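What follows is structure-v7.cif (mmCIF, C-alpha atoms and all ligand atoms).
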data_upload
#
loop_
_atom_site.label_atom_id
_atom_site.label_comp_id
_atom_site.auth_asym_id
_atom_site.auth_seq_id
_atom_site.Cartn_x
_atom_site.Cartn_y
_atom_site.Cartn_z
CA MET A 4 -52.47 23.82 -140.41
CA GLY A 5 -53.01 20.85 -142.73
CA ASN A 6 -56.49 19.36 -142.64
CA ASN A 7 -57.77 21.77 -140.07
CA ASN A 8 -61.01 23.54 -140.83
CA TYR A 9 -60.26 26.27 -138.28
CA PHE A 10 -57.71 28.78 -137.02
CA TYR A 11 -57.28 30.90 -133.92
CA ARG A 12 -57.62 34.65 -134.26
CA CYS A 13 -57.34 37.52 -131.81
CA ILE A 14 -60.36 39.79 -132.15
CA GLY A 15 -58.37 42.65 -130.61
CA CYS A 16 -55.54 42.98 -133.15
CA GLY A 17 -56.72 40.50 -135.80
CA ARG A 18 -53.56 38.36 -135.64
CA GLU A 19 -53.77 34.69 -136.42
CA LEU A 20 -52.43 32.63 -133.47
CA ASP A 21 -51.12 29.11 -133.07
CA ALA A 22 -52.91 27.99 -129.91
CA PRO A 23 -56.15 28.56 -127.96
CA TYR A 24 -54.78 31.33 -125.75
CA SER A 25 -57.12 32.82 -123.17
CA ALA A 26 -55.72 36.21 -124.10
CA CYS A 27 -53.72 37.30 -127.14
CA PRO A 28 -49.97 37.28 -126.32
CA PHE A 29 -49.57 40.47 -128.41
CA CYS A 30 -52.44 42.71 -127.33
CA GLY A 31 -54.27 40.84 -124.56
CA GLY A 32 -57.48 40.69 -126.58
CA PRO A 33 -59.88 37.73 -126.60
CA VAL A 34 -59.09 34.89 -129.00
CA ILE A 35 -61.71 33.07 -131.05
CA ILE A 36 -61.82 30.24 -133.56
CA GLU A 37 -62.72 31.02 -137.15
CA TYR A 38 -63.58 28.53 -139.87
CA SER A 39 -62.02 28.52 -143.28
CA GLU A 40 -65.15 27.19 -145.00
CA PRO A 41 -68.06 27.54 -142.57
CA ARG A 42 -70.88 25.10 -143.26
CA PHE A 43 -73.75 24.06 -141.02
CA ARG A 44 -74.49 20.39 -141.36
CA VAL A 45 -75.98 18.23 -138.61
CA ASP A 46 -74.42 14.81 -138.28
CA LYS A 47 -76.84 12.84 -136.13
CA SER A 48 -74.54 9.85 -135.94
CA ARG A 49 -71.98 11.71 -133.82
CA PRO A 50 -72.36 11.90 -130.04
CA GLY A 51 -73.23 14.99 -128.00
CA ILE A 52 -72.30 18.40 -129.35
CA TRP A 53 -70.21 16.78 -132.09
CA ARG A 54 -73.35 16.46 -134.20
CA TYR A 55 -72.39 20.06 -135.06
CA GLY A 56 -68.86 19.04 -135.98
CA SER A 57 -69.03 21.01 -139.24
CA LEU A 58 -68.91 24.22 -137.17
CA LEU A 59 -66.60 22.96 -134.42
CA PRO A 60 -62.83 22.62 -134.57
CA ARG A 61 -61.82 19.41 -136.31
CA PHE A 62 -59.68 17.56 -133.76
CA GLY A 63 -58.03 14.19 -134.23
CA GLU A 64 -60.07 12.75 -131.39
CA THR A 65 -63.31 13.88 -129.84
CA VAL A 66 -64.59 13.36 -126.33
CA SER A 67 -68.27 13.28 -125.45
CA HIS A 68 -70.31 12.15 -122.47
CA GLY A 69 -73.59 12.83 -124.21
CA GLU A 70 -73.71 16.57 -123.41
CA GLY A 71 -76.12 18.85 -125.23
CA LEU A 72 -79.54 18.25 -126.81
CA THR A 73 -81.02 19.48 -123.55
CA PRO A 74 -84.81 19.61 -123.37
CA ILE A 75 -86.94 22.70 -123.87
CA SER A 76 -90.11 23.04 -121.85
CA SER A 77 -92.69 25.72 -121.30
CA VAL A 78 -92.89 27.19 -117.79
CA ASP A 79 -95.50 29.91 -117.25
CA GLY A 80 -95.49 30.66 -120.96
CA VAL A 81 -91.70 30.95 -121.17
CA LEU A 82 -89.62 28.44 -123.11
CA VAL A 83 -86.90 27.10 -120.84
CA LYS A 84 -83.78 25.39 -122.13
CA ASN A 85 -82.80 23.16 -119.24
CA GLU A 86 -79.03 22.78 -119.10
CA LYS A 87 -79.26 20.74 -115.93
CA LYS A 88 -79.77 17.76 -118.22
CA ASN A 89 -76.08 17.78 -119.11
CA PRO A 90 -73.84 15.05 -117.61
CA THR A 91 -72.63 17.08 -114.61
CA GLY A 92 -75.72 19.25 -114.45
CA THR A 93 -74.41 22.37 -116.17
CA TYR A 94 -73.96 24.05 -119.53
CA ALA A 95 -70.19 23.99 -118.84
CA ASP A 96 -70.15 20.38 -120.05
CA ARG A 97 -70.42 21.68 -123.61
CA ALA A 98 -67.19 23.61 -123.11
CA SER A 99 -65.50 20.69 -121.36
CA ALA A 100 -66.24 18.39 -124.30
CA VAL A 101 -64.28 20.70 -126.61
CA ILE A 102 -61.45 21.28 -124.11
CA ALA A 103 -61.09 17.54 -123.40
CA SER A 104 -61.04 16.79 -127.13
CA TYR A 105 -58.31 19.37 -127.61
CA ALA A 106 -56.30 17.91 -124.72
CA ARG A 107 -56.64 14.36 -125.96
CA SER A 108 -55.76 15.30 -129.54
CA THR A 109 -52.75 17.42 -128.68
CA GLY A 110 -51.47 15.22 -125.85
CA VAL A 111 -51.81 17.80 -123.06
CA ARG A 112 -51.31 15.88 -119.83
CA LEU A 113 -51.70 18.71 -117.34
CA MET A 114 -54.04 21.65 -117.26
CA ALA A 115 -54.27 24.40 -114.71
CA THR A 116 -57.35 26.43 -113.98
CA GLU A 117 -58.54 28.87 -111.42
CA TYR A 118 -61.37 27.41 -109.37
CA ILE A 119 -64.77 28.30 -110.76
CA GLU A 120 -67.38 26.02 -109.29
CA ALA A 121 -69.39 24.45 -112.11
CA PHE A 122 -66.74 24.95 -114.77
CA THR A 123 -63.99 23.21 -112.80
CA GLN A 124 -66.16 20.31 -111.72
CA SER A 125 -67.25 19.70 -115.25
CA LEU A 126 -63.70 19.97 -116.52
CA LEU A 127 -62.45 17.42 -113.99
CA TYR A 128 -65.10 14.99 -115.10
CA TYR A 129 -64.29 15.38 -118.78
CA LEU A 130 -60.51 15.26 -118.35
CA LYS A 131 -60.67 12.03 -116.38
CA GLY A 132 -58.19 9.64 -117.98
CA ILE A 133 -56.85 12.38 -120.25
CA ALA A 134 -55.11 15.02 -118.18
CA LYS A 135 -54.45 15.97 -114.64
CA VAL A 136 -55.97 19.24 -113.49
CA ARG A 137 -54.23 21.64 -111.18
CA VAL A 138 -56.89 23.72 -109.49
CA LEU A 139 -55.89 27.07 -108.11
CA VAL A 140 -57.97 28.05 -105.10
CA ARG A 141 -57.54 31.74 -104.23
CA SER A 142 -59.31 31.61 -100.92
CA LEU A 143 -60.25 28.72 -98.66
CA ASP A 144 -63.58 30.42 -98.04
CA SER A 145 -64.51 30.00 -101.68
CA LEU A 146 -64.90 26.24 -101.25
CA SER A 147 -68.32 24.98 -100.21
CA MET A 148 -68.74 21.50 -98.76
CA ASP A 149 -70.32 20.38 -101.96
CA ASP A 150 -67.28 21.61 -103.91
CA ILE A 151 -64.91 19.79 -101.60
CA VAL A 152 -66.67 16.46 -102.03
CA ARG A 153 -66.75 16.87 -105.78
CA ILE A 154 -63.15 17.96 -106.15
CA TYR A 155 -61.53 15.49 -103.83
CA GLY A 156 -63.75 12.72 -105.16
CA MET A 157 -61.75 12.87 -108.39
CA ASN A 158 -58.33 11.31 -108.73
CA ASN A 159 -57.04 13.51 -111.55
CA VAL A 160 -56.86 16.65 -109.43
CA ASP A 161 -54.21 18.55 -107.58
CA VAL A 162 -55.50 21.46 -105.51
CA THR A 163 -53.19 24.32 -104.69
CA THR A 164 -53.16 27.93 -103.55
CA LYS A 165 -49.91 28.53 -105.41
CA ASP A 166 -50.15 30.12 -108.81
CA THR A 167 -47.52 27.78 -110.22
CA ILE A 168 -46.15 28.80 -113.57
CA ILE A 169 -46.99 26.30 -116.23
CA GLY A 170 -47.11 26.80 -119.98
CA ASP A 171 -49.80 29.10 -121.31
CA GLU A 172 -51.12 26.38 -123.54
CA ALA A 173 -51.96 24.21 -120.59
CA ARG A 174 -53.62 26.98 -118.64
CA ILE A 175 -57.36 27.02 -119.04
CA ASN A 176 -59.26 30.09 -118.04
CA TYR A 177 -63.00 30.09 -118.35
CA LEU A 178 -62.71 32.58 -121.19
CA ASN A 179 -60.90 30.74 -123.95
CA PRO A 180 -61.70 29.95 -127.57
CA LEU A 181 -62.55 26.30 -126.83
CA THR A 182 -65.11 27.24 -124.18
CA ILE A 183 -66.77 29.63 -126.61
CA GLU A 184 -67.03 26.89 -129.26
CA GLY A 185 -68.67 24.49 -126.82
CA LEU A 186 -71.16 26.95 -125.37
CA LYS A 187 -72.29 28.29 -128.74
CA THR A 188 -73.86 24.89 -129.53
CA ILE A 189 -76.88 26.02 -127.48
CA VAL A 190 -77.97 28.24 -130.38
CA PHE A 191 -77.30 25.46 -132.89
CA GLU A 192 -79.77 23.27 -131.03
CA LEU A 193 -82.44 25.96 -131.01
CA TYR A 194 -81.87 26.54 -134.70
CA GLU A 195 -81.86 22.86 -135.61
CA ARG A 196 -85.15 22.30 -133.82
CA GLY A 197 -86.68 25.39 -135.37
CA VAL A 198 -87.61 26.85 -131.98
CA ARG A 199 -89.64 29.98 -132.61
CA ALA A 200 -88.63 32.86 -130.39
CA GLU A 201 -87.22 36.30 -130.90
CA ASN A 202 -84.84 36.33 -127.95
CA ILE A 203 -82.44 33.91 -126.33
CA VAL A 204 -82.05 35.18 -122.80
CA VAL A 205 -78.98 34.20 -120.79
CA PRO A 206 -77.79 35.10 -117.31
CA VAL A 207 -74.64 37.19 -117.19
CA GLU A 208 -71.78 36.80 -114.75
CA THR A 209 -68.56 36.82 -116.74
CA GLY A 210 -70.35 37.41 -120.06
CA VAL A 211 -68.68 34.40 -121.69
CA LEU A 212 -71.95 32.58 -122.29
CA ALA A 213 -73.68 35.59 -123.85
CA TYR A 214 -70.69 36.25 -126.06
CA SER A 215 -70.49 32.58 -127.09
CA LEU A 216 -74.10 32.55 -128.23
CA VAL A 217 -73.56 35.71 -130.26
CA LYS A 218 -70.57 34.02 -131.85
CA GLY A 219 -72.69 30.94 -132.59
CA LEU A 220 -75.23 33.09 -134.41
CA ASP A 221 -72.41 34.77 -136.37
CA ASP A 222 -71.04 31.37 -137.38
CA LEU A 223 -74.47 30.26 -138.57
CA ARG A 224 -74.81 33.40 -140.66
CA ARG A 225 -71.37 32.91 -142.15
CA ALA A 226 -72.46 29.39 -143.06
CA GLY A 227 -75.41 30.88 -144.95
CA ALA A 228 -78.14 30.22 -142.39
CA GLU A 229 -80.59 32.80 -141.06
CA PRO A 230 -81.10 31.99 -137.40
CA GLY A 231 -83.00 35.21 -136.64
CA TYR A 232 -82.51 35.23 -132.87
CA THR A 233 -81.28 38.06 -130.65
CA VAL A 234 -79.13 37.25 -127.62
CA VAL A 235 -80.21 39.15 -124.52
CA ALA A 236 -77.94 39.36 -121.49
CA ALA A 237 -80.00 39.39 -118.29
CA VAL A 238 -78.54 41.20 -115.28
CA VAL A 239 -79.83 42.19 -111.87
CA LYS A 240 -80.26 45.95 -111.63
CA GLY A 241 -77.11 47.55 -110.26
CA ALA A 242 -74.77 44.70 -111.23
CA SER A 243 -71.92 45.58 -113.55
CA VAL A 244 -72.05 44.50 -117.17
CA PRO A 245 -68.86 42.72 -118.28
CA GLU A 246 -66.67 44.36 -120.90
CA ILE A 247 -67.02 41.49 -123.37
CA VAL A 248 -70.80 41.95 -123.37
CA LYS A 249 -70.61 45.72 -123.82
CA ARG A 250 -68.01 45.56 -126.54
CA HIS A 251 -69.83 43.07 -128.73
CA GLY A 252 -73.18 44.75 -128.85
CA VAL A 253 -75.10 42.18 -126.80
CA LYS A 254 -78.49 43.56 -125.81
CA VAL A 255 -78.69 43.97 -122.02
CA ALA A 256 -81.90 43.74 -119.99
CA GLU A 257 -81.98 44.63 -116.31
CA ILE A 258 -84.28 43.15 -113.73
CA GLU A 259 -85.08 43.90 -110.08
CA ALA A 260 -83.80 41.45 -107.47
CA GLU A 261 -87.38 41.04 -106.23
CA GLU A 262 -88.42 39.73 -109.63
CA VAL A 263 -85.60 37.20 -109.55
CA LEU A 264 -86.88 35.83 -106.24
CA ASP A 265 -90.33 35.58 -107.75
CA ALA A 266 -88.84 33.71 -110.73
CA LEU A 267 -86.99 31.33 -108.39
CA GLY A 268 -90.27 30.56 -106.67
CA ARG A 269 -92.07 29.87 -109.94
CA LEU A 270 -89.28 27.67 -111.25
CA THR A 271 -88.91 25.69 -108.03
CA LYS A 272 -92.65 24.97 -107.89
CA LYS A 273 -92.42 23.54 -111.41
CA GLY A 274 -89.51 21.33 -110.40
CA PHE A 275 -86.70 23.47 -111.83
CA VAL A 276 -84.34 23.99 -108.92
CA THR A 277 -81.65 26.41 -109.94
CA MET A 278 -79.40 29.21 -108.71
CA PRO A 279 -80.54 32.85 -108.52
CA ILE A 280 -78.11 33.77 -111.31
CA SER A 281 -79.85 31.27 -113.58
CA ALA A 282 -83.33 32.44 -112.62
CA VAL A 283 -82.43 35.94 -113.84
CA SER A 284 -82.80 34.78 -117.45
CA PHE A 285 -86.23 33.33 -116.76
CA ALA A 286 -87.41 36.52 -115.05
CA VAL A 287 -86.28 38.66 -118.00
CA ALA A 288 -87.72 36.25 -120.58
CA ARG A 289 -91.13 36.42 -118.90
CA ILE A 290 -91.18 40.17 -119.28
CA LEU A 291 -89.86 40.28 -122.84
CA GLY A 292 -92.13 37.55 -124.20
CA SER A 293 -91.25 35.46 -127.30
CA SER A 294 -88.11 34.25 -125.54
CA VAL A 295 -86.16 31.15 -124.66
CA ALA A 296 -84.56 31.39 -121.22
CA VAL A 297 -81.37 29.41 -120.78
CA LEU A 298 -81.29 27.82 -117.32
CA THR A 299 -77.57 27.26 -117.07
CA MET A 300 -77.55 24.73 -114.26
CA GLY A 301 -79.67 22.82 -111.84
CA PHE A 302 -79.36 20.82 -108.71
CA LYS A 303 -78.02 17.39 -109.50
CA PRO A 304 -77.57 15.10 -106.53
CA TYR A 305 -73.94 14.30 -106.13
CA ARG A 306 -72.59 10.98 -107.26
CA LEU A 307 -69.00 9.97 -107.51
CA TYR A 308 -67.93 9.87 -111.10
CA THR A 309 -65.18 7.39 -110.50
CA GLY A 310 -65.13 3.87 -109.14
CA ARG A 311 -66.26 0.38 -109.91
CA GLY A 312 -70.01 0.63 -110.24
CA GLN A 313 -69.85 3.72 -112.37
CA LEU A 314 -70.34 2.22 -115.80
CA ARG A 315 -73.24 0.17 -114.48
CA GLU A 316 -74.86 3.37 -113.25
CA GLU A 317 -74.27 5.10 -116.55
CA ILE A 318 -75.91 2.18 -118.36
CA ILE A 319 -78.96 2.35 -116.09
CA GLU A 320 -79.18 6.09 -116.68
CA LEU A 321 -78.96 5.69 -120.45
CA LEU A 322 -81.58 2.95 -120.57
CA ARG A 323 -83.89 4.95 -118.34
CA GLU A 324 -83.58 7.83 -120.75
CA LYS A 325 -83.71 6.01 -124.09
CA GLY A 326 -85.72 2.87 -123.36
CA ARG A 327 -83.73 0.31 -125.30
CA MET A 328 -80.25 0.49 -126.79
CA THR A 329 -77.57 -1.74 -128.23
CA ALA A 330 -74.20 -1.93 -126.50
CA TYR A 331 -72.72 -0.06 -129.44
CA GLU A 332 -75.28 2.77 -129.17
CA MET A 333 -74.48 3.12 -125.47
CA TRP A 334 -70.79 3.21 -126.16
CA LYS A 335 -71.34 5.98 -128.74
CA GLU A 336 -72.83 8.09 -125.94
CA ARG A 337 -70.13 7.33 -123.37
CA GLN A 338 -66.88 6.98 -125.22
CA SER A 339 -64.70 7.39 -122.17
CA TYR A 340 -65.18 3.64 -121.74
CA THR A 341 -64.19 0.97 -124.18
CA LEU A 342 -66.81 -0.95 -126.12
CA ARG A 343 -65.45 -4.09 -124.46
CA ALA A 344 -66.14 -2.65 -121.03
CA PHE A 345 -69.78 -2.18 -122.04
CA TYR A 346 -70.11 -5.81 -123.16
CA LYS A 347 -68.50 -7.02 -119.97
CA VAL A 348 -70.62 -4.96 -117.60
CA LEU A 349 -73.80 -5.70 -119.60
CA ARG A 350 -73.11 -9.46 -119.35
CA GLY A 351 -72.90 -9.17 -115.58
CA MET A 352 -76.02 -7.03 -115.39
CA GLU A 353 -77.94 -9.47 -117.54
CA ALA A 354 -76.85 -12.39 -115.38
CA ARG A 355 -78.09 -10.53 -112.29
CA GLY A 356 -81.40 -9.69 -113.95
CA GLU A 357 -80.77 -5.95 -113.97
CA VAL A 358 -81.09 -5.67 -117.73
CA CYS A 359 -83.08 -7.77 -120.15
CA SER A 360 -82.23 -8.24 -123.78
CA GLU A 361 -84.09 -8.89 -126.99
CA VAL A 362 -82.69 -9.83 -130.36
CA VAL A 363 -84.12 -8.09 -133.40
CA VAL A 364 -83.37 -9.15 -136.96
CA ARG A 365 -82.48 -6.15 -139.01
CA GLY A 366 -81.84 -6.92 -142.66
CA ALA A 367 -79.42 -9.80 -142.68
CA ARG A 368 -78.09 -9.33 -139.18
CA LYS A 369 -79.19 -9.76 -135.64
CA VAL A 370 -79.10 -6.80 -133.29
CA LYS A 371 -79.21 -7.24 -129.55
CA TYR A 372 -81.05 -4.57 -127.61
CA PHE A 373 -80.86 -4.06 -123.86
CA LYS A 374 -83.48 -2.50 -121.62
CA LEU A 375 -84.17 -2.32 -117.92
CA CYS A 376 -86.10 -5.41 -116.82
CA LYS A 377 -88.60 -3.57 -114.69
CA ASN A 378 -89.41 0.07 -114.40
CA PRO A 379 -88.78 1.27 -110.88
ZN ZN B 1 -54.20 40.57 -130.30
#
File written out as structure tokens:
Amino acid sequence: MGNNNYFYRCIGCGRELDAPYSACPFCGGPVIIEYSEPRFRVDKSRPGIWRYGSLLPRFGETVSHGEGLTPISSVDGVLVKNEKKNPTGTYADRASAVIASYARSTGVRLMATEYIEAFTQSLLYYLKGIAKVRVLVRSLDSLSMDDIVRIYGMNNVDVTTKDTIIGDEARINYLNPLTIEGLKTIVFELYERGVRAENIVVPVETGVLAYSLVKGLDDLRRAGAEPGYTVVAAVVKGASVPEIVKRHGVKVAEIEAEEVLDALGRLTKKGFVTMPISAVSFAVARILGSSVAVLTMGFKPYRLYTGRGQLREEIIELLREKGRMTAYEMWKERQSYTLRAFYKVLRGMEARGEVCSEVVVRGARKVKYFKLCKNP
């Protein structure tokens, strides 16, 4: 495995494997990534989740669109980690950053995945320019209008109802070792910021998120840290608890559907528009106290991710968020574009009066900062 700091292992039979299989080819068990010398070191110069590169697989190339470092706010006394603030509006972007990095590093040009709303949309966005995605739609009824616009708005997609056989390596199910690595960075962020809470409450559908956070805590402990959080899987009373949650000792907390509606109301009034599944974590966190609720996704108005004006829009978004930045700093956050593309677009924007610049002397060199000329 050369310079790799990681290896794939089946947690069913313990075998070491050569690829990020969704299920172990020998026993069908889940596959995870383990680190040969786990260390937790934050590298603030790297974009997105890659600041935690010491506990992520070391790939030849990394892809980031500035995912992660999502804000934490207090809503009715509950700390809320707002994953809507990811590039496509969902926590899945963390997983996509790892999957896209794997694809780019290993030269995978085609990936196939079953259609799962937020996960697939995020994946399409991250694999743009890297790999084509074959999306398997089981039933036409499973596509909402919003989904259709988002899917067909991308040009790296091929939608099919046929479960075409392609190599296992190129098949990406939601449960796979790369997804787990991406999602676990949520606990790294809480730990890095020293957020004080006993519980991290997550909604449970497939159980992949809950399991990923447990794995993140395990990795931190192996690296010698003492994160001291407990992951709590929040479910609506009567719903089934996934096997992966049961088997790995994740604490489960049930909540009445009525309470979830109440939570939705509270969140919406505070400006957090989310899905019922996501509000479940908030409802449980309110009852438990001393908790961070992970709001996995939020409503993000649709915009086409492709096309001419896209980089310009990304620049405006970045400057709105950060105030002032150099072209290089922007490029570090959006590495799917070239640095040259940033200079080119910024020149045009400056000529049109959309951005203003100032030159600051830093040491012996001049640094050019850009900002939005007027605040809308
Ligand atoms: Zn196995």
> Which is closer to ligand ZN 1 (chain B) than all the others in A:Gly231, A:Gly301, A:Pro23, A:Pro33, using all atoms listed in the file?
Replying inline: A:Pro33
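Inspection of the environment of ligand ZN 1 (chain B), which uses all atoms listed in the file and a cut-off of 10 Å, identifies the neighbouring residues as Arg12, Cys13, Ile14, Gly15, Cys16, Gly17, Arg18, Glu19, Leu20, Ala26, Cys27, Pro28, Phe29, Cys30, Gly31, Gly32, Pro33 and Val34 of chain A.
Among the candidate residues A:Glu120, A:Asp265, A:Arg327, A:Asp222, the one lying nearest to A:Met148 is A:Glu120, with distances computed using all atoms listed in the file.
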Find the residues of stretch 179-283 of chain A that sit at most 10 Å from stretch 39-47 of chain A; for each, write down the nearest two atoms and how far apart they are in Å, to one decimal. Count only C-alpha atoms. Sort by chain, then by number going up, and give it as a Markdown table.
| residue | atom | partner | partner_atom | distance |
| --- | --- | --- | --- | --- |
| A:Phe191 | CA | A:Phe43 | CA | 9.0 |
| A:Glu192 | CA | A:Val45 | CA | 9.9 |
| A:Glu195 | CA | A:Val45 | CA | 8.1 |
| A:Asp222 | CA | A:Pro41 | CA | 7.1 |
| A:Leu223 | CA | A:Phe43 | CA | 6.7 |
| A:Arg224 | CA | A:Pro41 | CA | 9.1 |
| A:Arg225 | CA | A:Pro41 | CA | 6.3 |
| A:Ala226 | CA | A:Arg42 | CA | 4.6 |
| A:Gly227 | CA | A:Arg42 | CA | 7.5 |
| A:Ala228 | CA | A:Phe43 | CA | 7.7 |
>> Given only C-alpha atoms as the basis, pick out the residue of A:Val78, A:Ile175, A:Leu143, A:Leu220 nearest to A:Ala266.
In response: A:Val78
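A straight line drawn from atom CA of A:Glu201 to atom CA of A:Thr182 is 24.8 Å long.
Here atom CA of A:Phe122 stands at a distance of 27.1 Å from atom CA of A:Lys325.
Using only C-alpha atoms, the protein and nucleic acid residues lying no more than 7 Å from stretch 183-190 of chain A, apart from those fewer than 6 places from it along its own chain, are Ile52, Leu59, Arg97, Ala98, Val101, Leu212, Ser215, Leu216, Lys218, Gly219 and Leu220 of chain A.
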Give me the residues within 8 Å of A:Met278 as a compact mmCIF listing (two decimals) with C-alpha atoms, in the frame of the given file, counting all atoms listed in the file and dropping any in the same chain fewer than 2 places off.
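See around05.txt below for the written result:
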# COMPACT_ATOMS: atom_id res chain seq x y z
CA LEU A 267 -86.99 31.33 -108.39
CA VAL A 276 -84.34 23.99 -108.92
CA ILE A 280 -78.11 33.77 -111.31
CA SER A 281 -79.85 31.27 -113.58
CA ALA A 282 -83.33 32.44 -112.62
CA MET A 300 -77.55 24.73 -114.26
CA GLY A 301 -79.67 22.82 -111.84
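In this comparison, which uses all atoms listed in the file, the residue of A:Ala103, A:Val207, A:Val235, A:Ala286 approaching A:Gly63 most closely is A:Ala103.
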Quick one: residues within 12 Å of A:Ile154, only C-alpha atoms, excluding same-chain residues fewer than 2 positions away - as a CSV table (one decimal) with C-alpha atoms, in the coordinates of the input?
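Contents of the output file result.csv:
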chain,number,residue,atom,x,y,z
A,118,TYR,CA,-61.4,27.4,-109.4
A,119,ILE,CA,-64.8,28.3,-110.8
A,120,GLU,CA,-67.4,26.0,-109.3
A,121,ALA,CA,-69.4,24.4,-112.1
A,122,PHE,CA,-66.7,25.0,-114.8
A,123,THR,CA,-64.0,23.2,-112.8
A,124,GLN,CA,-66.2,20.3,-111.7
A,125,SER,CA,-67.2,19.7,-115.2
A,126,LEU,CA,-63.7,20.0,-116.5
A,127,LEU,CA,-62.4,17.4,-114.0
A,128,TYR,CA,-65.1,15.0,-115.1
A,136,VAL,CA,-56.0,19.2,-113.5
A,137,ARG,CA,-54.2,21.6,-111.2
A,138,VAL,CA,-56.9,23.7,-109.5
A,139,LEU,CA,-55.9,27.1,-108.1
A,140,VAL,CA,-58.0,28.0,-105.1
A,146,LEU,CA,-64.9,26.2,-101.2
A,147,SER,CA,-68.3,25.0,-100.2
A,148,MET,CA,-68.7,21.5,-98.8
A,149,ASP,CA,-70.3,20.4,-102.0
A,150,ASP,CA,-67.3,21.6,-103.9
A,151,ILE,CA,-64.9,19.8,-101.6
A,152,VAL,CA,-66.7,16.5,-102.0
A,156,GLY,CA,-63.8,12.7,-105.2
A,157,MET,CA,-61.8,12.9,-108.4
A,158,ASN,CA,-58.3,11.3,-108.7
A,159,ASN,CA,-57.0,13.5,-111.6
A,160,VAL,CA,-56.9,16.6,-109.4
A,161,ASP,CA,-54.2,18.6,-107.6
A,162,VAL,CA,-55.5,21.5,-105.5
A,163,THR,CA,-53.2,24.3,-104.7
A,305,TYR,CA,-73.9,14.3,-106.1
A,306,ARG,CA,-72.6,11.0,-107.3
A,307,LEU,CA,-69.0,10.0,-107.5
A,308,TYR,CA,-67.9,9.9,-111.1
A,309,THR,CA,-65.2,7.4,-110.5
>> Please report the interatomic distance between atom CA of A:Val111 and atom CA of A:Arg61 in Å with one decimal.
In response: 16.7 Å
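Of the listed residues (A:Thr109, A:Thr93, A:Asn85, A:Thr299), A:Thr299 comes nearest to A:Val205; the distances count all atoms listed in the file.
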>> I'd like the contact shell of stretch 209-211 of chain A - 7 Å cut-off, all atoms listed in the file, skipping same-chain residues fewer than 5 positions apart - returned as a PyMOL selection string.
In response: chain A and resi 178+245+247-248
>> Calculated over all atoms listed in the file, which of the candidates A:Lys135, A:Lys87, A:Arg153, A:Arg49 has the smallest distance to A:Ile75?
In response: A:Lys87
Using the block above, I'd like stretch 357-366 of chain A written out, keeping N, CA, C and O atoms and formatting it as an mmCIF file, in the first residue's frame.
data_model
loop_
_atom_site.group_PDB
_atom_site.id
_atom_site.type_symbol
_atom_site.label_atom_id
_atom_site.label_comp_id
_atom_site.auth_asym_id
_atom_site.auth_seq_id
_atom_site.Cartn_x
_atom_site.Cartn_y
_atom_site.Cartn_z
ATOM 1 N N GLU A 357 -18.453 44.941 -10.127
ATOM 2 C CA GLU A 357 -19.111 44.006 -9.213
ATOM 3 C C GLU A 357 -18.242 43.691 -8.001
ATOM 4 O O GLU A 357 -18.747 43.405 -6.930
ATOM 5 N N VAL A 358 -16.931 43.695 -8.210
ATOM 6 C CA VAL A 358 -16.022 43.549 -7.072
ATOM 7 C C VAL A 358 -15.050 44.718 -7.063
ATOM 8 O O VAL A 358 -14.737 45.300 -8.115
ATOM 9 N N CYS A 359 -14.627 45.086 -5.871
ATOM 10 C CA CYS A 359 -13.623 46.129 -5.720
ATOM 11 C C CYS A 359 -12.385 45.492 -5.116
ATOM 12 O O CYS A 359 -12.477 44.498 -4.409
ATOM 13 N N SER A 360 -11.237 46.062 -5.380
ATOM 14 C CA SER A 360 -10.021 45.459 -4.861
ATOM 15 C C SER A 360 -9.234 46.464 -4.039
ATOM 16 O O SER A 360 -9.386 47.674 -4.188
ATOM 17 N N GLU A 361 -8.414 45.944 -3.161
ATOM 18 C CA GLU A 361 -7.472 46.786 -2.424
ATOM 19 C C GLU A 361 -6.167 46.017 -2.305
ATOM 20 O O GLU A 361 -6.167 44.797 -2.170
ATOM 21 N N VAL A 362 -5.071 46.765 -2.398
ATOM 22 C CA VAL A 362 -3.764 46.123 -2.332
ATOM 23 C C VAL A 362 -3.161 46.393 -0.960
ATOM 24 O O VAL A 362 -3.138 47.528 -0.487
ATOM 25 N N VAL A 363 -2.761 45.311 -0.298
ATOM 26 C CA VAL A 363 -2.192 45.427 1.037
ATOM 27 C C VAL A 363 -0.745 44.952 0.966
ATOM 28 O O VAL A 363 -0.460 43.947 0.323
ATOM 29 N N VAL A 364 0.149 45.692 1.585
ATOM 30 C CA VAL A 364 1.546 45.261 1.605
ATOM 31 C C VAL A 364 1.736 44.365 2.823
ATOM 32 O O VAL A 364 1.444 44.739 3.949
ATOM 33 N N ARG A 365 2.168 43.159 2.521
ATOM 34 C CA ARG A 365 2.396 42.213 3.602
ATOM 35 C C ARG A 365 3.847 41.766 3.527
ATOM 36 O O ARG A 365 4.238 41.083 2.593
ATOM 37 N N GLY A 366 4.647 42.191 4.500
ATOM 38 C CA GLY A 366 6.077 41.907 4.450
ATOM 39 C C GLY A 366 6.657 42.597 3.234
ATOM 40 O O GLY A 366 6.499 43.810 3.057
#
